>>> print(open('structure-v2.csv').read())   # CSV, C-alpha atoms
chain,number,residue,atom,x,y,z
A,1,GLY,CA,-38.7,5.6,15.7
A,2,HIS,CA,-37.7,2.6,13.7
A,3,LEU,CA,-38.9,-0.9,12.7
A,4,THR,CA,-37.1,-4.3,13.1
A,5,LEU,CA,-37.7,-6.9,10.4
A,6,PHE,CA,-37.6,-10.5,11.6
A,7,GLU,CA,-37.9,-13.6,9.5
A,8,GLY,CA,-41.3,-14.8,10.8
A,9,PHE,CA,-44.2,-13.7,12.8
A,10,MET,CA,-43.3,-16.1,15.7
A,11,ASP,CA,-40.0,-14.2,15.9
A,12,VAL,CA,-42.0,-10.9,16.2
A,13,ILE,CA,-44.1,-12.4,19.0
A,14,ALA,CA,-41.1,-13.7,20.9
A,15,ALA,CA,-39.3,-10.4,20.5
A,16,TYR,CA,-42.3,-8.4,21.7
A,17,GLY,CA,-42.5,-10.5,24.8
A,18,ALA,CA,-38.8,-9.8,25.5
A,19,GLY,CA,-39.4,-6.0,25.2
A,20,ILE,CA,-38.6,-5.4,21.5
A,21,LYS,CA,-41.8,-3.9,20.4
A,22,THR,CA,-40.7,-2.6,16.9
A,23,GLY,CA,-40.8,-6.0,15.2
A,24,ILE,CA,-42.5,-6.8,11.9
A,25,ALA,CA,-42.3,-9.8,9.5
A,26,SER,CA,-43.3,-10.6,6.0
A,27,MET,CA,-45.8,-13.2,7.3
A,28,GLY,CA,-44.6,-16.3,5.5
A,29,THR,CA,-44.1,-14.7,2.1
A,30,SER,CA,-41.0,-13.4,0.3
A,31,PHE,CA,-40.0,-9.9,1.3
A,32,THR,CA,-41.4,-7.7,-1.5
A,33,SER,CA,-41.0,-4.2,-2.8
A,34,GLU,CA,-44.6,-3.4,-1.9
A,35,GLN,CA,-43.8,-4.3,1.7
A,36,VAL,CA,-40.7,-2.1,1.6
A,37,GLN,CA,-42.8,0.8,0.3
A,38,ALA,CA,-45.2,0.3,3.2
A,39,ILE,CA,-42.3,0.3,5.7
A,40,ALA,CA,-40.9,3.5,4.2
A,41,ARG,CA,-44.3,5.2,4.8
A,42,LEU,CA,-44.1,4.3,8.5
A,43,THR,CA,-40.4,4.9,9.4
A,44,SER,CA,-37.1,6.3,8.3
A,45,GLN,CA,-35.0,3.4,9.8
A,46,LEU,CA,-35.2,-0.3,9.4
A,47,THR,CA,-33.2,-2.9,11.2
A,48,ILE,CA,-33.0,-6.3,9.5
A,49,ALA,CA,-32.7,-9.1,12.1
A,50,TYR,CA,-32.1,-12.5,10.5
A,51,ASP,CA,-30.2,-15.6,11.4
A,52,GLY,CA,-26.4,-15.2,11.2
A,53,ASP,CA,-26.0,-18.6,9.5
A,54,GLU,CA,-25.2,-18.9,5.8
A,55,PRO,CA,-28.8,-18.8,4.5
A,56,GLY,CA,-29.6,-16.0,6.9
A,57,GLN,CA,-26.7,-13.9,5.6
A,58,ALA,CA,-27.8,-14.5,2.0
A,59,ALA,CA,-31.3,-13.3,3.0
A,60,ILE,CA,-29.9,-10.2,4.6
A,61,ASP,CA,-27.9,-9.4,1.5
A,62,ARG,CA,-31.0,-9.8,-0.7
A,63,SER,CA,-33.2,-7.8,1.6
A,64,LEU,CA,-30.6,-4.9,1.7
A,65,LYS,CA,-30.5,-4.8,-2.0
A,66,LEU,CA,-34.3,-4.8,-2.3
A,67,VAL,CA,-34.7,-2.0,0.3
A,68,GLU,CA,-31.9,0.1,-1.4
A,69,ASP,CA,-33.5,-0.3,-4.8
A,70,THR,CA,-37.1,0.5,-3.5
A,71,ALA,CA,-36.6,3.0,-0.7
A,72,PRO,CA,-33.0,4.4,-0.9
A,73,ASP,CA,-33.8,7.0,1.8
A,74,LEU,CA,-34.3,4.4,4.5
A,75,THR,CA,-31.5,4.1,7.0
A,76,LEU,CA,-30.5,0.5,7.3
A,77,ARG,CA,-29.1,-1.5,10.1
A,78,VAL,CA,-28.4,-5.2,10.5
A,79,VAL,CA,-28.5,-7.6,13.4
A,80,GLN,CA,-27.3,-11.2,12.8
A,81,LEU,CA,-29.0,-13.5,15.3
A,82,PRO,CA,-26.8,-16.3,16.7
A,83,ALA,CA,-26.9,-19.3,14.2
A,84,GLY,CA,-29.4,-21.9,15.4
A,85,LEU,CA,-31.2,-19.7,17.9
A,86,ASP,CA,-34.4,-17.8,16.9
A,87,PRO,CA,-35.6,-15.0,19.3
A,88,ASP,CA,-37.8,-17.3,21.4
A,89,GLU,CA,-34.9,-19.8,21.9
A,90,TYR,CA,-32.5,-17.0,22.7
A,91,VAL,CA,-34.9,-15.6,25.3
A,92,GLN,CA,-35.4,-19.0,26.9
A,93,LYS,CA,-31.7,-19.6,27.1
A,94,TYR,CA,-30.4,-16.2,28.1
A,95,GLY,CA,-33.4,-14.1,29.2
A,96,SER,CA,-35.2,-11.0,27.9
A,97,LEU,CA,-32.6,-8.5,29.2
A,98,LYS,CA,-29.8,-10.3,27.4
A,99,PHE,CA,-31.9,-10.4,24.2
A,100,GLN,CA,-32.4,-6.6,24.4
A,101,GLU,CA,-28.7,-6.1,24.9
A,102,TYR,CA,-27.9,-8.3,22.0
A,103,MET,CA,-30.3,-6.5,19.7
A,104,THR,CA,-28.7,-3.2,20.7
A,105,HIS,CA,-25.0,-4.1,20.8
A,106,GLY,CA,-25.2,-6.5,17.9
A,107,GLU,CA,-26.3,-3.9,15.5
A,108,GLU,CA,-24.1,-3.0,12.5
A,109,THR,CA,-24.4,-0.8,9.5
A,110,ALA,CA,-25.3,-2.2,6.1
A,111,VAL,CA,-21.8,-1.3,4.9
A,112,ASP,CA,-20.2,-3.2,7.8
A,113,PHE,CA,-22.3,-6.2,7.0
A,114,ARG,CA,-21.4,-6.1,3.3
A,115,LEU,CA,-17.7,-5.7,3.8
A,116,ALA,CA,-17.7,-8.8,5.9
A,117,TYR,CA,-20.0,-10.7,3.6
A,118,LEU,CA,-17.9,-9.9,0.5
A,119,ARG,CA,-14.9,-11.7,2.0
A,120,LYS,CA,-16.8,-14.9,2.8
A,121,ASP,CA,-15.2,-17.9,1.2
A,122,LEU,CA,-12.3,-15.8,-0.1
A,123,ASN,CA,-8.7,-16.6,0.6
A,124,LEU,CA,-7.3,-13.1,1.1
A,125,GLN,CA,-3.7,-14.5,1.3
A,126,LYS,CA,-4.0,-14.9,-2.5
A,127,GLN,CA,-3.2,-11.6,-4.2
A,128,SER,CA,-5.8,-12.0,-7.0
A,129,GLU,CA,-8.6,-12.6,-4.5
A,130,LEU,CA,-7.4,-9.8,-2.3
A,131,ILE,CA,-7.4,-7.4,-5.2
A,132,ASN,CA,-10.9,-8.5,-6.2
A,133,TYR,CA,-12.1,-8.0,-2.6
A,134,LEU,CA,-10.6,-4.5,-2.4
A,135,ASN,CA,-12.3,-3.5,-5.7
A,136,ALA,CA,-15.6,-4.7,-4.4
A,137,ALA,CA,-15.1,-3.2,-1.0
A,138,LEU,CA,-14.4,0.2,-2.6
A,139,GLU,CA,-17.6,-0.1,-4.6
A,140,VAL,CA,-19.5,-0.6,-1.3
A,141,ILE,CA,-17.6,2.3,0.5
A,142,ALA,CA,-18.6,4.6,-2.4
A,143,THR,CA,-22.2,4.2,-1.3
A,144,VAL,CA,-21.4,5.9,2.1
A,145,PRO,CA,-23.1,9.3,1.8
A,146,THR,CA,-20.5,11.4,3.7
A,147,PRO,CA,-16.7,12.0,3.1
A,148,VAL,CA,-16.1,11.4,6.8
A,149,GLY,CA,-17.9,8.1,6.8
A,150,GLN,CA,-15.9,7.0,3.7
A,151,SER,CA,-12.7,8.1,5.4
A,152,VAL,CA,-13.4,5.8,8.4
A,153,TYR,CA,-13.8,2.7,6.2
A,154,LEU,CA,-10.8,3.6,4.0
A,155,LYS,CA,-8.6,3.9,7.0
A,156,LYS,CA,-9.8,0.5,8.2
A,157,LEU,CA,-8.9,-1.1,4.8
A,158,ALA,CA,-5.5,0.7,4.7
A,159,GLY,CA,-4.7,-0.4,8.3
A,160,GLU,CA,-5.8,-4.0,7.8
A,161,PHE,CA,-4.0,-4.7,4.6
A,162,GLY,CA,-1.1,-2.3,4.9
A,163,LEU,CA,-2.1,-0.2,1.9
A,164,ASP,CA,-1.4,3.5,1.1
A,165,LEU,CA,-4.4,5.6,2.2
A,166,GLY,CA,-3.9,8.2,-0.5
A,167,SER,CA,-4.0,5.5,-3.2
A,168,LEU,CA,-7.3,4.1,-1.8
A,169,GLU,CA,-8.7,7.6,-1.8
A,170,ARG,CA,-7.8,8.1,-5.4
A,171,GLN,CA,-9.3,4.8,-6.4
A,172,LEU,CA,-12.5,5.7,-4.6
A,173,ALA,CA,-12.7,9.0,-6.3
A,174,SER,CA,-12.6,7.3,-9.7
A,175,ILE,CA,-15.8,5.4,-8.9
A,176,PRO,CA,-19.0,7.0,-10.3
A,177,ALA,CA,-21.8,7.8,-7.9
A,178,PRO,CA,-23.5,4.5,-7.3
A,179,ARG,CA,-27.1,3.9,-8.4
A,180,ALA,CA,-27.5,0.9,-6.0
A,181,VAL,CA,-25.3,-1.7,-4.3
A,182,PRO,CA,-25.2,-5.0,-6.1
A,183,ALA,CA,-26.1,-8.0,-3.9
A,184,ALA,CA,-23.2,-10.5,-3.9
A,185,PRO,CA,-24.0,-14.1,-4.8
A,186,MET,CA,-23.1,-16.6,-2.1
A,187,GLY,CA,-19.3,-16.8,-1.8
A,188,THR,CA,-18.5,-14.6,-4.8
A,189,VAL,CA,-17.4,-11.1,-5.4
A,190,PRO,CA,-19.5,-9.3,-8.2
A,191,PRO,CA,-17.3,-8.1,-11.0
A,192,PRO,CA,-17.5,-4.3,-11.7
A,193,GLU,CA,-19.9,-3.4,-14.5
A,194,GLU,CA,-18.0,-1.9,-17.4
A,195,GLU,CA,-20.9,0.3,-18.6
A,196,ALA,CA,-21.2,1.8,-15.1
A,197,GLY,CA,-17.5,2.7,-15.1
A,198,SER,CA,-15.5,-0.2,-13.8
A,199,VAL,CA,-12.7,0.3,-11.4
A,200,PRO,CA,-9.2,-0.3,-12.8
A,201,PRO,CA,-7.3,-3.0,-10.9
A,202,PRO,CA,-5.6,-1.4,-7.9
A,203,ALA,CA,-2.4,-3.2,-8.7
A,204,GLU,CA,-2.0,-0.8,-11.7
A,205,ASP,CA,-1.6,2.1,-9.3
A,206,PRO,CA,2.1,2.3,-8.5
A,207,ASP,CA,1.3,3.7,-5.0
A,208,TRP,CA,-1.1,0.8,-4.2
A,209,THR,CA,1.2,-2.0,-3.2
A,210,VAL,CA,-0.5,-5.2,-2.0
A,211,PRO,CA,1.5,-6.9,0.7
A,212,ALA,CA,3.3,-10.0,-0.4
A,213,ALA,CA,0.9,-13.0,-0.5
A,214,ASN,CA,0.8,-16.5,-1.9
A,215,GLN,CA,0.1,-16.4,-5.6
>>> encode(input="structure-v2.csv", output="structure tokens")
Amino acid sequence: GHLTLFEGFMDVIAAYGAGIKTGIASMGTSFTSEQVQAIARLTSQLTIAYDGDEPGQAAIDRSLKLVEDTAPDLTLRVVQLPAGLDPDEYVQKYGSLKFQEYMTHGEETAVDFRLAYLRKDLNLQKQSELINYLNAALEVIATVPTPVGQSVYLKKLAGEFGLDLGSLERQLASIPAPRAVPAAPMGTVPPPEEEAGSVPPPAEDPDWTVPAANQ
């Protein structure tokens, strides 16, 4: 089984009435490591279902970091609820069945969420910002526990930005095994930590050619 973390207890009640009976909430307090430990004793998978607006995305990012630091064995998923609609409002507008479908089909992995969140407020047409994003994205992909999973994300990056896959693989291999994924501040990409083994700029790899972009 699994649990679904909502932002408030009213969300849990509304979701339960719509057929989602796995809901929990932090009951008006900040999400804490003690709560994460309690969750880890009950389940092996946690879905974080917060609003998809800007504050909600920041809260998802913080919650992911907290869970990964406290209970790294928990499998994490994310559902971003439509901005401006809490579960009760969604059910009233679209019905219980649509809510259940949204919770199922709107689910994404923590890695998918982070890769999208990292590029928020960035202009990836600028080469410097693109390189920073790629560095940060590889740090996230390095947390994927299987080579097959890493390969899937690397192929997506290579295809989207027209990069050499082999170069991305070499860059990824140079990243030390991660201790935890850093939570990105709003609208920024966290710089690599030198003491943890920072990633050299991909532009230094002659095989890694970033497509022409506005400087």
>>> atom_distance(input="structure-v2.csv", atom1="CA of Ala137 (chain A)", atom2="CA of Val78 (chain A)")
17.7 Å
>>> atom_distance(input="structure-v2.csv", atom1="CA of Thr4 (chain A)", atom2="CA of Leu115 (chain A)")
21.6 Å
>>> atom_distance(input="structure-v2.csv", atom1="CA of Leu42 (chain A)", atom2="CA of Leu85 (chain A)")
28.8 Å
>>> closest_residue(input="structure-v2.csv", among="A:Leu163, A:Leu97, A:Val12, A:Ala58", to="Ile131 (chain A)", atoms="all atoms listed in the file")
A:Leu163
>>> residues_around(input="structure-v2.csv", residues="Lys98 (chain A)", least_positions_apart="6", cutoff="12 Å", atoms="all atoms listed in the file", output="MDAnalysis selection string")
chainID A and resid 15 18:20 87 90:92 104:106
>>> closest_residue(input="structure-v2.csv", among="A:Met103, A:Asp164, A:Ala110, A:Val79", to="Val67 (chain A)", atoms="only C-alpha atoms")
A:Ala110
>>> closest_residue(input="structure-v2.csv", among="A:Gly159, A:Gly23, A:Gly52, A:Gly17", to="Phe113 (chain A)", atoms="all atoms listed in the file")
A:Gly52
>>> closest_residue(input="structure-v2.csv", among="A:Glu7, A:Tyr102, A:Glu89, A:Ile13", to="Ala59 (chain A)", atoms="only C-alpha atoms")
A:Glu7
>>> closest_residue(input="structure-v2.csv", among="A:Pro82, A:Asp112, A:Asp88, A:Gly1", to="Val152 (chain A)", atoms="only C-alpha atoms")
A:Asp112
